[in-house]
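Student: My questions will all concern the structure given below.
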Amino acid sequence: MKVRVRFAPSPTGGLHLGGVRTVLYNYLFARANGGDFVLRIEDTDQNRFVPGAEQYIMDCLKWCGLIPDESPEKGGPYAPYRQSERKHLYHIFAKQLVDAGHAYYAFDTTEELEQMRANLKTDINTNPQYDHITRMAMRNSLSLPADEVAELLETKTPYVIRIKMPGNHALKIYDMIRGEISFDCSLVDDKVLLKADGMPTYHLAVVVDDYLMKITHAFRGEEWLPSAPVHVLLWEYLGWKEHMPQWAHLPLILKPDGNGKLSKRDGDRLGFPVFAMNWTDPKTGETTGGFKEMGFLPQAFVNMLAMLGWNPGSEQELFSLESLADTFSIERIHKGGAKFDFEKAKWFNHQYIQNTDNATLTELVKPFVDIDLRFGNLDMEMLAKIIPLIKDRCNFLSDFRVQGHFFFATPEIQEEATIREKWNEQKQQFFTEWINELESITDWTHDVLEASFTALMPKHNLKKGDVLLPLRIMLVGAKYGPGVFAIAEVIGKEETVKRIKRVIG
Ligand code: GLU
């Protein structure tokens with residue numbers, strides 16, 4: 001049987017890195033097994049639907065290079081891949097469940113539901129559910145006489161369809177990561193399957209679509225584990241048990257400090273992104289930062305995510321997507337949650353920046369330097385020379401702007417005092433003479449510049465230690481940066497002379 005996996009996001013907002021990791025494991029499993037990877041948009045909850053979120057998810061997948069074989073955009077043999085376009089299908093199966101006695105119509109109004117919760121709430125049962133204990137006290141097709149039910153349906157009284165969870169049933173589920181898990185179904189409420197607006201809930205839609213789309217393995221976040229018994233029973237009740245996918249509930253990605261799932265708030269608090277790409281909430285206009293815009297390379301982001309909850313069984317840490325697909329195995333997915341470590345994420349990106357060829361890096365860095373600063377003198381040729389000079393100091397693509405600002409515009413001289421403290425007539429004369437010499441240099445390379453600088457020092461009785469740091473401060477504004485002559489080569493004659501003259505007058 002052909003392996004078929006799916007990523008099934010609800011388009012409700014930014015794509016959390018945990019979501020991208022779910023995509024990645026799906027993708028790797030499909031690639032490793034010659035299978036298909038499906039993107040299905042689970043957009044049946046009208047209250048949570050956010051315009052633009054679907055396109056955003058697809059853009060994130062594209063950025064990461066995790067391209068689905070079938071999707072709403074691409075189509076495929078099991079189209080449509082958007083649940084809101086498959087509404088008619090869910091009705092058929094909801095009705096089938098009611099007819100077989102595994103689900104029922106419930107006519108309770110919101111007030112009646114609130115009433116029930118208020119009436120049954122006790123110190124022990126603080127959150128009464130609609131379940132095998134309470135259902136017969138409610139207004140549904142199990143508790144009401146058949147003729148009343150028929151009339152309510154006839155008169156189009158709004159209803160939902162609920163699953164009838166067994167009151168006394170221990171269910172065993174096999175999970176590829178966790179092994180056998182037991183559930184006590186009596187603790188699970190009678191979940192709504194079809195809502196009053198005619199839309200299915202996630203529980204019904206996920207089972208129907210995984211069946212119809214012939215999904216063989218379902219990878220999803222651990223937060224879905226409590227819903228698993230409902231889904232497994234639905235597979236059983238619909239008569240599809242032998243087609244049920246194998247489950248893999250992925251461990252959570254945890255806060256770097258403390259316990260619990262890493263949230264957007266943790267990112268804000270600790271100063272790192274949790275979304276793959278910038279996400280702008282269309283309602284509030286608020287933008288939450290993404291790894292892409294922070295200056296991560298998608299390959300580094302994906303590599304880092306692969307290792308958050310999985311290990312290759314060796315010391316190797318750097319993997320291309322292809323080599324991940326060759327190495328990936330479910331057995332090496334961890335059961336426990338993985339603490340997110342931003343320093344490690346940075347390390348991955350640093351490695352990828354060092355390993356990316358300069359021509360490619362030049363293209364990648366360009367938007368990070370010219371969008372923000374709009375330097376008049378930035379051209380690609382100049383950028384190509386800057387990249388190798390400063391790449392070892394950069395963890396993010398955005399660092400090139402910070403580390404190389406003095407290439408693009410004349411910097412403020414922050415450390416002039418350092419020059420002034422030890423300034424003397426010899427140095428004044430040395431620099432005056434050197435800039436005169438510079439005028440006649442035609443072969444403007446760092447080697448030639450350094451040779452002329454060094455050759456002039458003895459005449460003024462100066463050593464490198466006397467004049468090199470002043471030159472650096474003249475060109476950079478401070479005591480850092482790559483080789484000074486390399487800087488002079490890139491910024492050119494006019495700019496070099498101008499920066500020296502600012503100090504010597
Ligand atoms: N629609 C669910 C979500 O938003 C998908 C869960 C699943 O993969 O079954 O995460």
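In the structure tokens, the first chain shown is A, the next is B, and so on; residue numbers restart at 1 for each chain, and ligands run from 1 in the order shown.
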Please write out the residues within 8 Å of ligand 1 as JSON, numbers by chain, counting only C-alpha atoms and all ligand atoms.
Tutor: {"A": [6, 7, 8, 9, 10, 11, 19, 41, 42, 43, 202, 206, 218, 219, 220, 221, 224]}
Student: May I have the selected residues written with N, CA and C atoms, as a tab-separated table (two decimals), in the first residue's frame?
Tutor:
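The result, written out as result.tsv:
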```
chain	number	residue	atom	x	y	z
A	6	ARG	N	-0.44	13.39	5.72
A	6	ARG	CA	-1.03	14.71	5.50
A	6	ARG	C	-0.67	15.67	6.60
A	7	PHE	N	-0.56	16.95	6.22
A	7	PHE	CA	-0.50	18.03	7.21
A	7	PHE	C	-1.85	18.71	7.07
A	8	ALA	N	-2.53	18.87	8.22
A	8	ALA	CA	-3.92	19.31	8.15
A	8	ALA	C	-4.16	20.53	9.04
A	9	PRO	N	-3.57	21.67	8.70
A	9	PRO	CA	-3.70	22.83	9.59
A	9	PRO	C	-5.05	23.52	9.47
A	10	SER	N	-5.43	24.17	10.56
A	10	SER	CA	-6.59	25.05	10.52
A	10	SER	C	-6.04	26.45	10.28
A	11	PRO	N	-6.59	27.16	9.30
A	11	PRO	CA	-6.02	28.47	8.96
A	11	PRO	C	-6.45	29.55	9.95
A	19	GLY	N	4.34	23.39	14.29
A	19	GLY	CA	3.57	23.04	13.09
A	19	GLY	C	4.51	22.72	11.93
A	41	ILE	N	-6.52	21.67	4.11
A	41	ILE	CA	-6.86	22.83	4.93
A	41	ILE	C	-8.15	22.54	5.71
A	42	GLU	N	-8.04	22.56	7.04
A	42	GLU	CA	-9.18	22.22	7.90
A	42	GLU	C	-9.86	23.52	8.35
A	43	ASP	N	-10.72	24.02	7.48
A	43	ASP	CA	-11.29	25.35	7.69
A	43	ASP	C	-12.80	25.31	7.98
A	202	TYR	N	-13.99	19.31	13.65
A	202	TYR	CA	-12.70	18.71	13.31
A	202	TYR	C	-12.77	17.18	13.46
A	206	VAL	N	-11.87	15.13	10.20
A	206	VAL	CA	-10.52	14.56	10.11
A	206	VAL	C	-10.60	13.06	9.78
A	218	ALA	N	-0.74	9.07	10.30
A	218	ALA	CA	-1.14	10.42	10.72
A	218	ALA	C	-0.18	10.93	11.78
A	219	PHE	N	0.63	11.91	11.37
A	219	PHE	CA	1.55	12.57	12.31
A	219	PHE	C	0.88	13.85	12.77
A	220	ARG	N	0.80	14.03	14.06
A	220	ARG	CA	0.23	15.29	14.55
A	220	ARG	C	0.74	15.55	15.96
A	221	GLY	N	0.49	16.76	16.44
A	221	GLY	CA	1.01	17.16	17.75
A	221	GLY	C	0.36	16.36	18.87
A	224	TRP	N	-3.23	16.50	20.40
A	224	TRP	CA	-4.40	15.82	19.85
A	224	TRP	C	-4.62	14.46	20.46
```
Student: Find the residues around Glu437 in chain A up to 10 Å (only C-alpha atoms counted), leave out those fewer than 4 positions away in its own chain, and share them as JSON, numbers by chain.
Tutor: {"A": [431, 432, 433, 441, 449, 452, 453, 456]}
Student: Could you pull the residues within 12 Å of Lys385 in chain A, counting only C-alpha atoms, minus those fewer than 4 positions along the same chain, as a list in words?
Tutor: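 In the requested format, the answer is Asn358, Ala359, Leu361, Thr362, Leu378, Asp379, Met380, Glu381, Leu389, Ile390, Lys391, Gly404, Phe407, Thr445, His446, Pro482, Ala486, Ile487, Ala488, Glu489, Val490, Ile491 and Gly492 of chain A.
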Student: Write to file, as a PDB file, in the first residue's frame, the residues of the selection just made, with N, CA and C atoms.
Tutor:
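Written out: selection-v1.pdb:
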```pdb
ATOM      1  N   ASN A 358      29.448  32.311  -1.582  1.00  0.00           N
ATOM      2  CA  ASN A 358      29.309  33.770  -1.474  1.00  0.00           C
ATOM      3  C   ASN A 358      28.331  34.366  -2.478  1.00  0.00           C
ATOM      4  N   ALA A 359      28.271  33.784  -3.662  1.00  0.00           N
ATOM      5  CA  ALA A 359      27.355  34.331  -4.670  1.00  0.00           C
ATOM      6  C   ALA A 359      25.910  34.165  -4.209  1.00  0.00           C
ATOM      7  N   LEU A 361      24.910  33.741  -1.124  1.00  0.00           N
ATOM      8  CA  LEU A 361      24.734  34.553   0.080  1.00  0.00           C
ATOM      9  C   LEU A 361      24.483  36.026  -0.284  1.00  0.00           C
ATOM     10  N   THR A 362      25.157  36.486  -1.316  1.00  0.00           N
ATOM     11  CA  THR A 362      24.987  37.873  -1.746  1.00  0.00           C
ATOM     12  C   THR A 362      23.522  38.136  -2.107  1.00  0.00           C
ATOM     13  N   LEU A 378      25.070  51.119  -2.455  1.00  0.00           N
ATOM     14  CA  LEU A 378      25.108  49.663  -2.420  1.00  0.00           C
ATOM     15  C   LEU A 378      24.894  49.087  -3.824  1.00  0.00           C
ATOM     16  N   ASP A 379      25.894  48.393  -4.308  1.00  0.00           N
ATOM     17  CA  ASP A 379      25.629  47.628  -5.519  1.00  0.00           C
ATOM     18  C   ASP A 379      26.066  46.191  -5.283  1.00  0.00           C
ATOM     19  N   MET A 380      25.615  45.314  -6.170  1.00  0.00           N
ATOM     20  CA  MET A 380      25.817  43.895  -5.937  1.00  0.00           C
ATOM     21  C   MET A 380      27.303  43.523  -5.946  1.00  0.00           C
ATOM     22  N   GLU A 381      28.060  44.235  -6.763  1.00  0.00           N
ATOM     23  CA  GLU A 381      29.482  43.919  -6.849  1.00  0.00           C
ATOM     24  C   GLU A 381      30.163  44.201  -5.506  1.00  0.00           C
ATOM     25  N   LEU A 389      34.074  38.982   3.783  1.00  0.00           N
ATOM     26  CA  LEU A 389      34.847  39.674   4.822  1.00  0.00           C
ATOM     27  C   LEU A 389      34.187  39.571   6.192  1.00  0.00           C
ATOM     28  N   ILE A 390      32.855  39.518   6.211  1.00  0.00           N
ATOM     29  CA  ILE A 390      32.198  39.578   7.530  1.00  0.00           C
ATOM     30  C   ILE A 390      31.339  38.361   7.867  1.00  0.00           C
ATOM     31  N   LYS A 391      31.258  37.399   6.957  1.00  0.00           N
ATOM     32  CA  LYS A 391      30.314  36.300   7.200  1.00  0.00           C
ATOM     33  C   LYS A 391      30.608  35.536   8.501  1.00  0.00           C
ATOM     34  N   GLY A 404      28.287  45.181   8.893  1.00  0.00           N
ATOM     35  CA  GLY A 404      28.933  45.810   7.749  1.00  0.00           C
ATOM     36  C   GLY A 404      28.444  47.218   7.477  1.00  0.00           C
ATOM     37  N   PHE A 407      30.399  49.825   5.541  1.00  0.00           N
ATOM     38  CA  PHE A 407      30.654  49.674   4.114  1.00  0.00           C
ATOM     39  C   PHE A 407      29.651  50.489   3.301  1.00  0.00           C
ATOM     40  N   THR A 445      43.844  47.857  -4.632  1.00  0.00           N
ATOM     41  CA  THR A 445      43.566  46.572  -3.967  1.00  0.00           C
ATOM     42  C   THR A 445      44.164  46.624  -2.573  1.00  0.00           C
ATOM     43  N   HIS A 446      43.681  45.746  -1.710  1.00  0.00           N
ATOM     44  CA  HIS A 446      44.149  45.787  -0.318  1.00  0.00           C
ATOM     45  C   HIS A 446      45.657  45.544  -0.220  1.00  0.00           C
ATOM     46  N   PRO A 482      36.578  43.711   9.820  1.00  0.00           N
ATOM     47  CA  PRO A 482      37.605  42.915   9.155  1.00  0.00           C
ATOM     48  C   PRO A 482      38.839  43.762   8.838  1.00  0.00           C
ATOM     49  N   ALA A 486      41.254  45.796   3.449  1.00  0.00           N
ATOM     50  CA  ALA A 486      40.139  45.199   2.707  1.00  0.00           C
ATOM     51  C   ALA A 486      38.940  46.151   2.731  1.00  0.00           C
ATOM     52  N   ILE A 487      38.746  46.813   3.868  1.00  0.00           N
ATOM     53  CA  ILE A 487      37.644  47.782   3.964  1.00  0.00           C
ATOM     54  C   ILE A 487      37.893  48.926   2.987  1.00  0.00           C
ATOM     55  N   ALA A 488      39.138  49.430   2.993  1.00  0.00           N
ATOM     56  CA  ALA A 488      39.480  50.541   2.101  1.00  0.00           C
ATOM     57  C   ALA A 488      39.276  50.148   0.641  1.00  0.00           C
ATOM     58  N   GLU A 489      39.647  48.912   0.322  1.00  0.00           N
ATOM     59  CA  GLU A 489      39.468  48.445  -1.062  1.00  0.00           C
ATOM     60  C   GLU A 489      37.996  48.516  -1.466  1.00  0.00           C
ATOM     61  N   VAL A 490      37.133  48.049  -0.562  1.00  0.00           N
ATOM     62  CA  VAL A 490      35.707  47.988  -0.913  1.00  0.00           C
ATOM     63  C   VAL A 490      35.077  49.386  -0.974  1.00  0.00           C
ATOM     64  N   ILE A 491      35.388  50.242  -0.025  1.00  0.00           N
ATOM     65  CA  ILE A 491      34.692  51.550  -0.023  1.00  0.00           C
ATOM     66  C   ILE A 491      35.265  52.492  -1.096  1.00  0.00           C
ATOM     67  N   GLY A 492      36.449  52.182  -1.599  1.00  0.00           N
ATOM     68  CA  GLY A 492      37.002  52.958  -2.720  1.00  0.00           C
ATOM     69  C   GLY A 492      37.856  54.134  -2.271  1.00  0.00           C
TER      70      GLY A 492
END
```
Student: At most 12 Å is the cut-off: for each residue in range 14-127 of chain A with any atom that close to an atom of range 140-152 of chain A, write down the nearest atom pair and the distance in Å rounded to one decimal, counting only C-alpha atoms, chain first then increasing number, as JSON lines.
Tutor:
```
{"residue": "A:Val98", "atom": "CA", "partner": "A:Ser141", "partner_atom": "CA", "distance": 9.4}
{"residue": "A:Asp99", "atom": "CA", "partner": "A:Ser141", "partner_atom": "CA", "distance": 11.2}
{"residue": "A:Gly101", "atom": "CA", "partner": "A:Leu142", "partner_atom": "CA", "distance": 9.3}
{"residue": "A:His102", "atom": "CA", "partner": "A:Leu142", "partner_atom": "CA", "distance": 10.7}
{"residue": "A:Ala103", "atom": "CA", "partner": "A:Ser141", "partner_atom": "CA", "distance": 9.3}
{"residue": "A:Tyr104", "atom": "CA", "partner": "A:Ser141", "partner_atom": "CA", "distance": 5.7}
{"residue": "A:Tyr105", "atom": "CA", "partner": "A:Ser141", "partner_atom": "CA", "distance": 5.2}
{"residue": "A:Ala106", "atom": "CA", "partner": "A:Asn140", "partner_atom": "CA", "distance": 4.1}
{"residue": "A:Phe107", "atom": "CA", "partner": "A:Asn140", "partner_atom": "CA", "distance": 5.6}
{"residue": "A:Asp108", "atom": "CA", "partner": "A:Asn140", "partner_atom": "CA", "distance": 7.2}
{"residue": "A:Thr109", "atom": "CA", "partner": "A:Asn140", "partner_atom": "CA", "distance": 10.9}
{"residue": "A:Glu112", "atom": "CA", "partner": "A:Asn140", "partner_atom": "CA", "distance": 11.8}
{"residue": "A:Leu113", "atom": "CA", "partner": "A:Asn140", "partner_atom": "CA", "distance": 11.9}
```
Student: Interatomic distance between CA of Lys283 in chain A and CA of Gly13 in chain A?
Tutor: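 Those two atoms sit 10.9 Å apart.
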Student: State, in Å with one decimal place, the distance from CA of Ala30 in chain A to CA of His217 in chain A.
Tutor: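 So the two atoms, CA of Ala30 in chain A and CA of His217 in chain A, lie 9.4 Å apart.
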Student: Could you give me, as a list in words, the residues within 10 Å of Leu305 in chain A, counting only C-alpha atoms and dropping anything in the same chain fewer than 4 positions from it?
Tutor: Leu17, Gly18, Val20, Arg21, Thr22, Leu24, Tyr25, Ile253, Gln299, Ala300, Phe301, Gly309, Trp310, Phe340 and Ala345 of chain A
Student: Please return, as a PyMOL selection string, all residues of range 132-277 of chain A that DSSP assigns to alpha helix (DSSP H) on the basis of the backbone.
Tutor: chain A and resi 146-154+202-212+228-237+264-270
Student: Go through A:Phe29, A:Tyr90, A:Trp279, A:Trp444 one by one, measure the shortest atom-to-atom distance of each to Asp326 in chain A using only C-alpha atoms, and give the residue with the smallest value.
Tutor: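 With only C-alpha atoms as the atom set, the closest residue is A:Phe29.
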Student: Please list as a list in words every residue within 9 Å of range 115-125 of chain A, counting only C-alpha atoms and excluding residues in the same chain fewer than 6 positions away.
Tutor: Thr134, Ala137 and Met138 of chain A
Student: What's around Ile177 in chain A at 8 Å? Count only C-alpha atoms, leave out sequence neighbours fewer than 4 positions away in its own chain, and write the answer as an NGL selection string.
Tutor: :A and (248-250 or 330-331 or 333-335)
Student: Do a neighbour search on Pro470 in chain A at 10 Å with only C-alpha atoms, toss out local chain neighbours closer than 6 positions, and write the hits as a ChimeraX atom specification.
Tutor: /A:415-416,418-420,422-423,427,431,476-479,500,503
Student: Which residues in range 58-276 of chain A does DSSP call strand (DSSP E or B)? List them as a PyMOL selection string.
Tutor: chain A and resi 70-71+75+82+103-106+140+160-163+170-175+179-184+192-194+200+217-221+246-250+253-254+261+275
Student: Please build the interface table for range 240-296 of chain A against range 55-72 of chain A with a cut-off of 9 Å, listing for each qualifying residue the nearest atom pair and the distance in Å to one decimal; count only C-alpha atoms, order rows by chain and increasing number, and write it as a tab-separated table.
Tutor:
```
residue	atom	partner	partner_atom	distance
A:Ala276	CA	A:Cys60	CA	6.4
A:Met277	CA	A:Cys60	CA	6.4
A:Trp279	CA	A:Tyr56	CA	7.8
A:Lys292	CA	A:Trp63	CA	8.2
```
Student: Pull all heavy atoms from the residues just selected and write them as a PDB file, in the first residue's frame.
Tutor:
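Printed below is result_22.pdb as written:
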```
ATOM      1  N   ALA A 276       7.165  30.650  11.646  1.00  0.00           N
ATOM      2  CA  ALA A 276       8.109  30.454  10.542  1.00  0.00           C
ATOM      3  C   ALA A 276       8.385  31.773   9.827  1.00  0.00           C
ATOM      4  O   ALA A 276       9.518  32.127   9.563  1.00  0.00           O
ATOM      5  CB  ALA A 276       7.543  29.423   9.559  1.00  0.00           C
ATOM      6  N   MET A 277       7.288  32.508   9.527  1.00  0.00           N
ATOM      7  CA  MET A 277       7.427  33.782   8.820  1.00  0.00           C
ATOM      8  C   MET A 277       6.618  34.847   9.553  1.00  0.00           C
ATOM      9  O   MET A 277       5.707  34.523  10.303  1.00  0.00           O
ATOM     10  CB  MET A 277       6.877  33.633   7.381  1.00  0.00           C
ATOM     11  CG  MET A 277       7.785  32.870   6.456  1.00  0.00           C
ATOM     12  SD  MET A 277       6.991  32.375   4.902  1.00  0.00           S
ATOM     13  CE  MET A 277       6.437  33.927   4.247  1.00  0.00           C
ATOM     14  N   TRP A 279       3.852  37.139  10.663  1.00  0.00           N
ATOM     15  CA  TRP A 279       2.398  36.978  10.521  1.00  0.00           C
ATOM     16  C   TRP A 279       1.724  38.270  10.984  1.00  0.00           C
ATOM     17  O   TRP A 279       1.963  38.730  12.107  1.00  0.00           O
ATOM     18  CB  TRP A 279       1.900  35.794  11.349  1.00  0.00           C
ATOM     19  CG  TRP A 279       0.417  35.830  11.547  1.00  0.00           C
ATOM     20  CD1 TRP A 279      -0.265  36.091  12.701  1.00  0.00           C
ATOM     21  CD2 TRP A 279      -0.599  35.612  10.539  1.00  0.00           C
ATOM     22  NE1 TRP A 279      -1.617  36.051  12.480  1.00  0.00           N
ATOM     23  CE2 TRP A 279      -1.848  35.763  11.165  1.00  0.00           C
ATOM     24  CE3 TRP A 279      -0.552  35.304   9.157  1.00  0.00           C
ATOM     25  CZ2 TRP A 279      -3.053  35.617  10.462  1.00  0.00           C
ATOM     26  CZ3 TRP A 279      -1.747  35.160   8.474  1.00  0.00           C
ATOM     27  CH2 TRP A 279      -2.974  35.313   9.121  1.00  0.00           C
ATOM     28  N   LYS A 292      12.070  33.649   9.155  1.00  0.00           N
ATOM     29  CA  LYS A 292      12.535  34.089   7.839  1.00  0.00           C
ATOM     30  C   LYS A 292      13.022  35.533   7.914  1.00  0.00           C
ATOM     31  O   LYS A 292      14.142  35.854   7.528  1.00  0.00           O
ATOM     32  CB  LYS A 292      11.398  33.976   6.820  1.00  0.00           C
ATOM     33  CG  LYS A 292      11.805  34.491   5.464  1.00  0.00           C
ATOM     34  CD  LYS A 292      10.680  34.412   4.458  1.00  0.00           C
ATOM     35  CE  LYS A 292      11.173  34.939   3.124  1.00  0.00           C
ATOM     36  NZ  LYS A 292      10.166  35.687   2.413  1.00  0.00           N
TER      37      LYS A 292
END
```
Student: Could you tell me how far CA of Asp266 in chain A lies from CA of Phe49 in chain A, in Å and to one decimal?
Tutor: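 Answer for the CA of Asp266 in chain A to CA of Phe49 in chain A separation: 24.1 Å.
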